[in-house]
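Q: Contents are TSV, C-alpha atoms; file name upload_11.tsv:
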```tsv
chain	number	residue	atom	x	y	z
Q	1	MET	CA	98.74	62.35	106.64
Q	2	PRO	CA	97.68	64.82	103.92
Q	3	THR	CA	99.87	67.88	103.33
Q	4	LEU	CA	98.35	71.12	104.55
Q	5	THR	CA	97.73	73.64	101.77
Q	6	PHE	CA	97.73	77.40	102.23
Q	7	GLU	CA	93.97	77.47	101.75
Q	8	SER	CA	93.33	74.65	104.23
Q	9	VAL	CA	95.42	76.38	106.91
Q	10	LEU	CA	93.40	79.60	106.55
Q	11	GLN	CA	90.12	77.70	106.41
Q	12	SER	CA	90.99	76.02	109.73
Q	13	LEU	CA	91.17	79.40	111.50
Q	14	ASP	CA	88.41	81.17	113.41
Q	15	PRO	CA	89.01	84.79	112.34
Q	16	PHE	CA	87.59	87.85	114.07
Q	17	PRO	CA	85.46	90.06	111.77
Q	18	VAL	CA	87.61	92.91	110.41
Q	19	LEU	CA	84.74	95.39	110.95
Q	20	GLY	CA	83.93	94.03	114.40
Q	21	ASN	CA	81.41	91.53	115.69
Q	22	SER	CA	78.43	93.89	115.92
Q	23	TYR	CA	77.48	93.11	112.31
Q	24	THR	CA	75.97	89.92	110.94
Q	25	ASN	CA	76.40	88.52	107.45
Q	26	GLY	CA	72.95	89.90	106.67
Q	27	ASP	CA	74.34	93.43	107.02
Q	28	TYR	CA	76.68	92.85	104.07
Q	29	VAL	CA	75.41	93.51	100.55
Q	30	PRO	CA	77.35	92.36	97.46
Q	31	LEU	CA	78.39	95.20	95.16
Q	32	ASP	CA	79.38	94.90	91.50
Q	33	LEU	CA	81.75	97.64	90.31
Q	34	SER	CA	82.88	95.76	87.22
Q	35	VAL	CA	83.02	97.22	83.74
Q	36	ASN	CA	80.20	94.82	82.82
Q	37	ASN	CA	77.68	96.29	85.27
Q	38	PRO	CA	75.12	98.29	83.23
Q	39	ASP	CA	74.04	100.18	86.38
Q	40	LEU	CA	77.37	102.04	86.31
Q	41	GLN	CA	76.89	103.43	82.81
Q	42	THR	CA	75.11	106.48	84.22
Q	43	VAL	CA	77.51	106.95	87.15
Q	44	ASN	CA	80.58	109.17	86.93
Q	45	VAL	CA	82.93	106.71	88.62
Q	46	SER	CA	85.77	109.24	88.38
Q	47	SER	CA	83.98	111.30	91.03
Q	48	SER	CA	84.30	109.97	94.57
Q	49	ASP	CA	81.09	111.83	95.49
Q	50	ASP	CA	79.07	110.31	92.64
Q	51	LEU	CA	80.46	106.84	93.31
Q	52	GLU	CA	79.68	107.18	97.02
Q	53	THR	CA	76.09	108.20	96.21
Q	54	HIS	CA	75.72	105.12	94.00
Q	55	ILE	CA	77.18	102.80	96.63
Q	56	TRP	CA	74.97	104.04	99.48
Q	57	LYS	CA	71.87	103.95	97.30
Q	58	HIS	CA	72.72	100.32	96.53
Q	59	ILE	CA	73.27	99.50	100.21
Q	60	LYS	CA	70.01	101.10	101.35
Q	61	SER	CA	67.92	99.61	98.54
Q	62	ASN	CA	69.15	96.18	99.64
Q	63	ASN	CA	68.50	96.85	103.34
Q	64	GLY	CA	72.17	96.51	104.19
Q	65	THR	CA	74.80	98.37	106.15
Q	66	ILE	CA	78.01	97.46	104.30
Q	67	ALA	CA	78.76	96.76	100.64
Q	68	TYR	CA	81.43	94.24	99.73
Q	69	GLY	CA	83.06	92.76	96.66
Q	70	GLY	CA	85.69	93.25	94.04
Q	71	TYR	CA	88.06	90.27	94.11
Q	72	ILE	CA	89.43	89.72	90.57
Q	73	GLU	CA	86.93	92.27	89.33
Q	74	LYS	CA	87.83	94.26	86.21
Q	75	ARG	CA	86.92	97.86	86.94
Q	76	GLY	CA	86.66	101.15	85.12
Q	77	ILE	CA	87.13	103.29	88.23
Q	78	TYR	CA	90.92	103.27	87.78
Q	79	ASN	CA	90.85	104.97	84.38
Q	80	ARG	CA	90.91	108.36	86.07
Q	81	SER	CA	94.44	107.99	87.46
Q	82	GLY	CA	97.80	107.59	85.77
Q	83	HIS	CA	98.81	105.48	88.75
Q	84	PHE	CA	97.36	102.47	86.93
Q	85	ASN	CA	99.18	102.72	83.58
Q	86	GLN	CA	96.07	102.90	81.40
Q	87	ASP	CA	98.00	103.66	78.20
Q	88	ASN	CA	98.29	100.01	77.11
Q	89	PRO	CA	95.25	97.67	77.32
Q	90	TYR	CA	97.53	94.70	78.08
Q	91	THR	CA	99.55	96.34	80.85
Q	92	GLU	CA	96.78	98.59	82.19
Q	93	ARG	CA	96.13	97.72	85.83
Q	94	ASN	CA	92.39	97.42	86.27
Q	95	ILE	CA	91.79	94.00	87.89
Q	96	HIS	CA	91.22	94.29	91.64
Q	97	LEU	CA	93.18	91.90	93.88
Q	98	GLY	CA	91.53	92.53	97.24
Q	99	MET	CA	88.08	92.66	98.76
Q	100	ASP	CA	86.53	96.07	99.38
Q	101	LEU	CA	84.25	96.74	102.34
Q	102	TRP	CA	82.35	100.01	101.77
Q	103	ILE	CA	81.17	101.70	104.97
Q	104	SER	CA	81.39	105.09	106.67
Q	105	GLU	CA	84.65	106.90	107.48
Q	106	ASP	CA	86.02	106.41	111.02
Q	107	THR	CA	84.71	102.84	111.11
Q	108	ALA	CA	86.98	100.75	113.34
Q	109	ILE	CA	89.14	98.02	111.76
Q	110	TYR	CA	90.16	94.93	113.70
Q	111	ALA	CA	92.81	92.25	113.24
Q	112	PRO	CA	91.20	88.99	112.10
Q	113	ILE	CA	94.05	86.87	113.51
Q	114	ASP	CA	97.28	87.32	115.49
Q	115	GLY	CA	100.14	89.04	113.70
Q	116	VAL	CA	103.01	91.51	113.77
Q	117	VAL	CA	103.06	94.95	112.14
Q	118	HIS	CA	105.19	94.51	109.02
Q	119	GLY	CA	104.57	97.82	107.26
Q	120	LEU	CA	103.08	101.27	107.78
Q	121	LYS	CA	102.98	103.83	105.00
Q	122	ASP	CA	100.93	106.71	103.69
Q	123	ASN	CA	100.79	105.83	100.00
Q	124	THR	CA	99.85	109.28	98.80
Q	125	GLY	CA	98.65	110.13	95.32
Q	126	TYR	CA	95.43	110.25	93.39
Q	127	GLY	CA	93.98	106.75	93.19
Q	128	ASN	CA	96.51	105.18	95.58
Q	129	TYR	CA	95.86	103.49	98.95
Q	130	GLY	CA	96.49	106.45	101.21
Q	131	PRO	CA	97.39	105.28	104.75
Q	132	THR	CA	98.16	101.56	104.67
Q	133	LEU	CA	98.92	98.89	107.27
Q	134	ILE	CA	100.35	95.44	106.60
Q	135	LEU	CA	100.41	92.61	109.16
Q	136	LYS	CA	102.66	89.56	108.99
Q	137	HIS	CA	101.24	86.22	110.11
Q	138	LYS	CA	102.81	82.83	110.77
Q	139	LEU	CA	100.42	80.01	111.57
Q	140	ASN	CA	100.98	76.26	111.43
Q	141	GLY	CA	104.25	76.87	109.59
Q	142	VAL	CA	102.60	79.05	106.94
Q	143	LYS	CA	103.77	82.67	106.57
Q	144	PHE	CA	101.62	85.28	104.85
Q	145	TYR	CA	100.51	88.91	105.09
Q	146	SER	CA	97.28	90.89	105.26
Q	147	LEU	CA	96.96	94.42	103.88
Q	148	TYR	CA	94.56	97.14	105.06
Q	149	GLY	CA	94.30	100.13	102.72
Q	150	HIS	CA	92.45	103.48	102.66
Q	151	LEU	CA	92.80	104.08	106.40
Q	152	SER	CA	92.68	107.36	108.29
Q	153	SER	CA	95.93	109.29	108.63
Q	154	ARG	CA	95.79	109.13	112.41
Q	155	SER	CA	95.74	105.32	112.26
Q	156	LEU	CA	99.44	105.31	111.39
Q	157	ASN	CA	100.25	107.24	114.57
Q	158	LYS	CA	98.62	104.71	116.89
Q	159	ILE	CA	100.62	101.65	115.93
Q	160	ARG	CA	104.31	100.89	115.42
Q	161	LEU	CA	106.45	98.64	113.26
Q	162	GLY	CA	107.17	95.30	114.89
Q	163	GLU	CA	104.25	95.62	117.30
Q	164	THR	CA	102.56	92.34	118.20
Q	165	ILE	CA	98.87	92.39	117.30
Q	166	THR	CA	96.32	90.03	118.80
Q	167	LYS	CA	93.19	88.69	117.14
Q	168	GLY	CA	90.28	91.09	117.65
Q	169	GLN	CA	92.48	94.09	118.47
Q	170	GLN	CA	91.49	97.39	116.87
Q	171	ILE	CA	94.27	98.37	114.47
Q	172	ALA	CA	92.90	101.35	112.53
Q	173	THR	CA	89.94	103.43	111.40
Q	174	LEU	CA	88.80	104.19	107.87
Q	175	GLY	CA	89.79	107.43	106.16
Q	176	LYS	CA	87.80	109.91	104.13
Q	177	ALA	CA	88.29	110.69	100.43
Q	178	GLU	CA	90.67	113.57	101.15
Q	179	GLU	CA	93.19	111.20	102.73
Q	180	ASN	CA	92.51	107.78	101.18
Q	181	GLY	CA	93.43	108.34	97.54
Q	182	ASP	CA	90.10	110.03	96.71
Q	183	TYR	CA	87.69	107.12	97.09
Q	184	PRO	CA	84.44	106.79	99.02
Q	185	PRO	CA	85.35	105.46	102.49
Q	186	HIS	CA	86.12	101.75	102.40
Q	187	LEU	CA	88.59	99.12	103.48
Q	188	HIS	CA	90.75	97.39	100.88
Q	189	PHE	CA	91.59	94.02	102.44
Q	190	GLN	CA	94.08	91.74	100.72
Q	191	ILE	CA	95.91	88.51	101.51
Q	192	ILE	CA	99.49	88.20	100.23
Q	193	LYS	CA	101.58	85.04	100.30
Q	194	ASP	CA	104.95	86.55	99.27
Q	195	ILE	CA	105.27	90.26	99.84
Q	196	GLU	CA	108.53	90.36	97.89
Q	197	ASP	CA	110.54	93.52	98.73
Q	198	TYR	CA	107.55	95.69	99.62
Q	199	SER	CA	107.02	97.34	103.00
Q	200	GLY	CA	103.85	99.30	103.71
Q	201	ASP	CA	102.63	98.81	100.15
Q	202	TYR	CA	101.81	96.07	97.64
Q	203	PRO	CA	99.96	96.15	94.30
Q	204	GLY	CA	96.23	95.95	94.84
Q	205	VAL	CA	95.31	96.09	91.16
Q	206	SER	CA	96.77	93.91	88.39
Q	207	SER	CA	97.05	94.04	84.63
Q	208	GLN	CA	95.79	91.16	82.52
Q	209	LYS	CA	99.44	90.46	81.70
Q	210	ASP	CA	100.38	89.82	85.35
Q	211	LEU	CA	97.10	88.38	86.59
Q	212	LYS	CA	98.20	84.73	86.77
Q	213	PHE	CA	101.00	85.58	89.19
Q	214	TYR	CA	98.98	87.97	91.35
Q	215	LYS	CA	95.93	85.72	91.53
Q	216	SER	CA	98.19	82.95	92.84
Q	217	ASN	CA	100.04	85.24	95.25
Q	218	CYS	CA	96.91	87.03	96.47
Q	219	PRO	CA	94.23	84.40	97.12
Q	220	ASN	CA	90.58	85.16	97.76
Q	221	PRO	CA	90.30	87.43	100.85
Q	222	ASN	CA	87.13	85.60	101.83
Q	223	LEU	CA	89.40	82.91	103.25
Q	224	LEU	CA	89.57	85.25	106.26
Q	225	LEU	CA	86.53	87.51	105.81
Q	226	ARG	CA	83.98	84.65	105.65
Q	227	LEU	CA	81.23	86.74	104.04
Q	228	PHE	CA	79.90	84.04	101.71
```
Show how you would write the structure in this file as structure tokens.
A:
Amino acid sequence: MPTLTFESVLQSLDPFPVLGNSYTNGDYVPLDLSVNNPDLQTVNVSSSDDLETHIWKHIKSNNGTIAYGGYIEKRGIYNRSGHFNQDNPYTERNIHLGMDLWISEDTAIYAPIDGVVHGLKDNTGYGNYGPTLILKHKLNGVKFYSLYGHLSSRSLNKIRLGETITKGQQIATLGKAEENGDYPPHLHFQIIKDIEDYSGDYPGVSSQKDLKFYKSNCPNPNLLLRLF
């Protein structure tokens, strides 16, 4: 009998959509925020307002409702914050490890699979996650974690550490720029195999120097999102 891999275990699941089941895949529009996208050359990506205007223009011009993307995407939007160590090109953290879902503030977030609340933390600071929730999962002998960043502050008051979460349960709502690290409203969703010693936080952006490790430890979030 073949050995089950991490990827095959996740692919065998039937996850609930993290933004709810009222959307279809046709509502999701891919979004490129990489440093190689020429459309961003005229956008002040250091401004959450300007970036939000660009994102919604992109969504509407593609007849969508939600923009998604960003896994292993090298971005320039982190240059604005010292949180990402931009002083050294080799250690600068600018490669995104999660999948972003860009949609309006207060949008409900749901658990894609059963889990337990592992971490709750308001990661304050310019460019950081803001309110963050981490769930722990154990399925078919495989343990891993899912991270939900840029939530509303009140989300952290409606859930508790150690709480059992069921698939399809609402776990949070999205925050606005004033509380989510100063980004346009969006969900940062990330899968983590080994969370190390973190609780309520985990790096969501990697340097080129550490990318091999983080890419292995944080596989493609589409294993659970199923957007393409």
Q: Can you tell me how far CA of Val29 in chain Q sits from CA of Glu178 in chain Q, in Å to one decimal?
A: 25.2 Å
Q: To one decimal place, how far is CA of Ile72 in chain Q from CA of Gly125 in chain Q in Å?
A: 22.9 Å
Q: Find the residues of range 130-155 of chain Q that sit at most 12 Å from range 203-215 of chain Q; for each, write down the nearest two atoms and how far apart they are in Å, to one decimal. Count only C-alpha atoms. Sort by chain, then by number going up, and give it as JSON lines.
A:
```
{"residue": "Q:Thr132", "atom": "CA", "partner": "Q:Gly204", "partner_atom": "CA", "distance": 11.5}
{"residue": "Q:Ser146", "atom": "CA", "partner": "Q:Gly204", "partner_atom": "CA", "distance": 11.6}
{"residue": "Q:Leu147", "atom": "CA", "partner": "Q:Gly204", "partner_atom": "CA", "distance": 9.2}
{"residue": "Q:Tyr148", "atom": "CA", "partner": "Q:Gly204", "partner_atom": "CA", "distance": 10.4}
{"residue": "Q:Gly149", "atom": "CA", "partner": "Q:Gly204", "partner_atom": "CA", "distance": 9.1}
{"residue": "Q:His150", "atom": "CA", "partner": "Q:Gly204", "partner_atom": "CA", "distance": 11.5}
```
Q: If you count only C-alpha atoms, which residues fall within 12 Å of Leu4 in chain Q, apart from same-chain ones fewer than 5 positions away, as a PyMOL selection string?
A: chain Q and resi 9-12+139-142
Q: Could you list, as a short mmCIF file (atom, residue, chain, number, x, y, z; two decimals) with C-alpha atoms, keeping the file's coordinate frame, every residue within 6 Å of range 52-67 of chain Q, counting only C-alpha atoms and ignoring same-chain residues fewer than 3 positions away?
A:
```cif
data_model
loop_
_atom_site.label_atom_id
_atom_site.label_comp_id
_atom_site.auth_asym_id
_atom_site.auth_seq_id
_atom_site.Cartn_x
_atom_site.Cartn_y
_atom_site.Cartn_z
CA ASP Q 27 74.34 93.43 107.02
CA TYR Q 28 76.68 92.85 104.07
CA VAL Q 29 75.41 93.51 100.55
CA PRO Q 30 77.35 92.36 97.46
CA LEU Q 31 78.39 95.20 95.16
CA SER Q 48 84.30 109.97 94.57
CA ASP Q 49 81.09 111.83 95.49
CA LEU Q 101 84.25 96.74 102.34
CA TRP Q 102 82.35 100.01 101.77
CA ILE Q 103 81.17 101.70 104.97
CA PRO Q 184 84.44 106.79 99.02
#
```
Q: With all atoms listed in the file as the basis for distance, which of Q:Lys167, Q:His188, Q:Arg93, Q:Lys143 is at the shortest distance from Pro131 in chain Q?
A: Q:His188
Q: Which one is closest to Lys176 in chain Q: Q:Asn220, Q:Ala111, Q:Asn123, Q:Ser104? Count all atoms listed in the file.
A: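 Smallest distance to Lys176 in chain Q is found for Q:Ser104.
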Q: Could you give me, as a list in words, the residues within 7 Å of Phe144 in chain Q, counting only C-alpha atoms and dropping anything in the same chain fewer than 3 positions from it?
A: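 Counting only C-alpha atoms, the residues come to Lys136, His137, Lys138, Ile192, Lys193 and Asp194 of chain Q.
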Q: Output, as lines of an AutoDock Vina configuration file, the centre and edge lengths in Å (one decimal) of the axis-aligned box that contains all listed atoms of range 177-191 of chain Q with 4 Å of margin on each side.
A:
```
center_x = 90.2
center_y = 101.0
center_z = 100.1
size_x = 19.5
size_y = 33.1
size_z = 14.8
```
Q: I want to know what sits within 10 Å of Leu227 in chain Q, based on only C-alpha atoms, with residues of the same chain fewer than 3 positions away left out; could you give that as an NGL selection string?
A: :Q and (17 or 24-26 or 28-30 or 68-69 or 221-224)
Q: Using all atoms listed in the file, which of Q:Ile134, Q:Ile113, Q:Ile195, Q:Leu51 sits nearest Phe16 in chain Q?
A: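 Distance minimum relative to Phe16 in chain Q lands on Q:Ile113.
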Q: Using CA of Ile165 in chain Q and CA of Gly20 in chain Q as the two end points, give the distance in Å to one decimal.
A: 15.3 Å
Q: I'd like the contact shell of Gly168 in chain Q - 12 Å cut-off, only C-alpha atoms, skipping same-chain residues fewer than 2 positions apart - returned as a PDB file with C-alpha atoms, keeping the file's coordinate frame.
A:
```
ATOM      1  CA  ASP Q  14      88.410  81.170 113.410  1.00  0.00           C
ATOM      2  CA  PRO Q  15      89.010  84.790 112.340  1.00  0.00           C
ATOM      3  CA  PHE Q  16      87.590  87.850 114.070  1.00  0.00           C
ATOM      4  CA  PRO Q  17      85.460  90.060 111.770  1.00  0.00           C
ATOM      5  CA  VAL Q  18      87.610  92.910 110.410  1.00  0.00           C
ATOM      6  CA  LEU Q  19      84.740  95.390 110.950  1.00  0.00           C
ATOM      7  CA  GLY Q  20      83.930  94.030 114.400  1.00  0.00           C
ATOM      8  CA  ASN Q  21      81.410  91.530 115.690  1.00  0.00           C
ATOM      9  CA  ALA Q 108      86.980 100.750 113.340  1.00  0.00           C
ATOM     10  CA  ILE Q 109      89.140  98.020 111.760  1.00  0.00           C
ATOM     11  CA  TYR Q 110      90.160  94.930 113.700  1.00  0.00           C
ATOM     12  CA  ALA Q 111      92.810  92.250 113.240  1.00  0.00           C
ATOM     13  CA  PRO Q 112      91.200  88.990 112.100  1.00  0.00           C
ATOM     14  CA  ILE Q 113      94.050  86.870 113.510  1.00  0.00           C
ATOM     15  CA  ASP Q 114      97.280  87.320 115.490  1.00  0.00           C
ATOM     16  CA  GLY Q 115     100.140  89.040 113.700  1.00  0.00           C
ATOM     17  CA  ILE Q 165      98.870  92.390 117.300  1.00  0.00           C
ATOM     18  CA  THR Q 166      96.320  90.030 118.800  1.00  0.00           C
ATOM     19  CA  GLN Q 170      91.490  97.390 116.870  1.00  0.00           C
ATOM     20  CA  ILE Q 171      94.270  98.370 114.470  1.00  0.00           C
ATOM     21  CA  ALA Q 172      92.900 101.350 112.530  1.00  0.00           C
TER      22      ALA Q 172
END
```
Q: Point out the residue among Q:Asn128, Q:Gln41, Q:Thr107, Q:Asn157 with the least atom-to-atom distance to Leu174 in chain Q, counting only C-alpha atoms.
A: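 Closest to Leu174 in chain Q of all the choices is Q:Thr107.
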Q: Out of Q:Gln169, Q:Asn180, Q:Ser216, Q:Ser153, which residue has the shortest atom-to-atom distance to Val116 in chain Q when counting all atoms listed in the file?
A: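 That would be Q:Gln169, the residue with the smallest distance to Val116 in chain Q.
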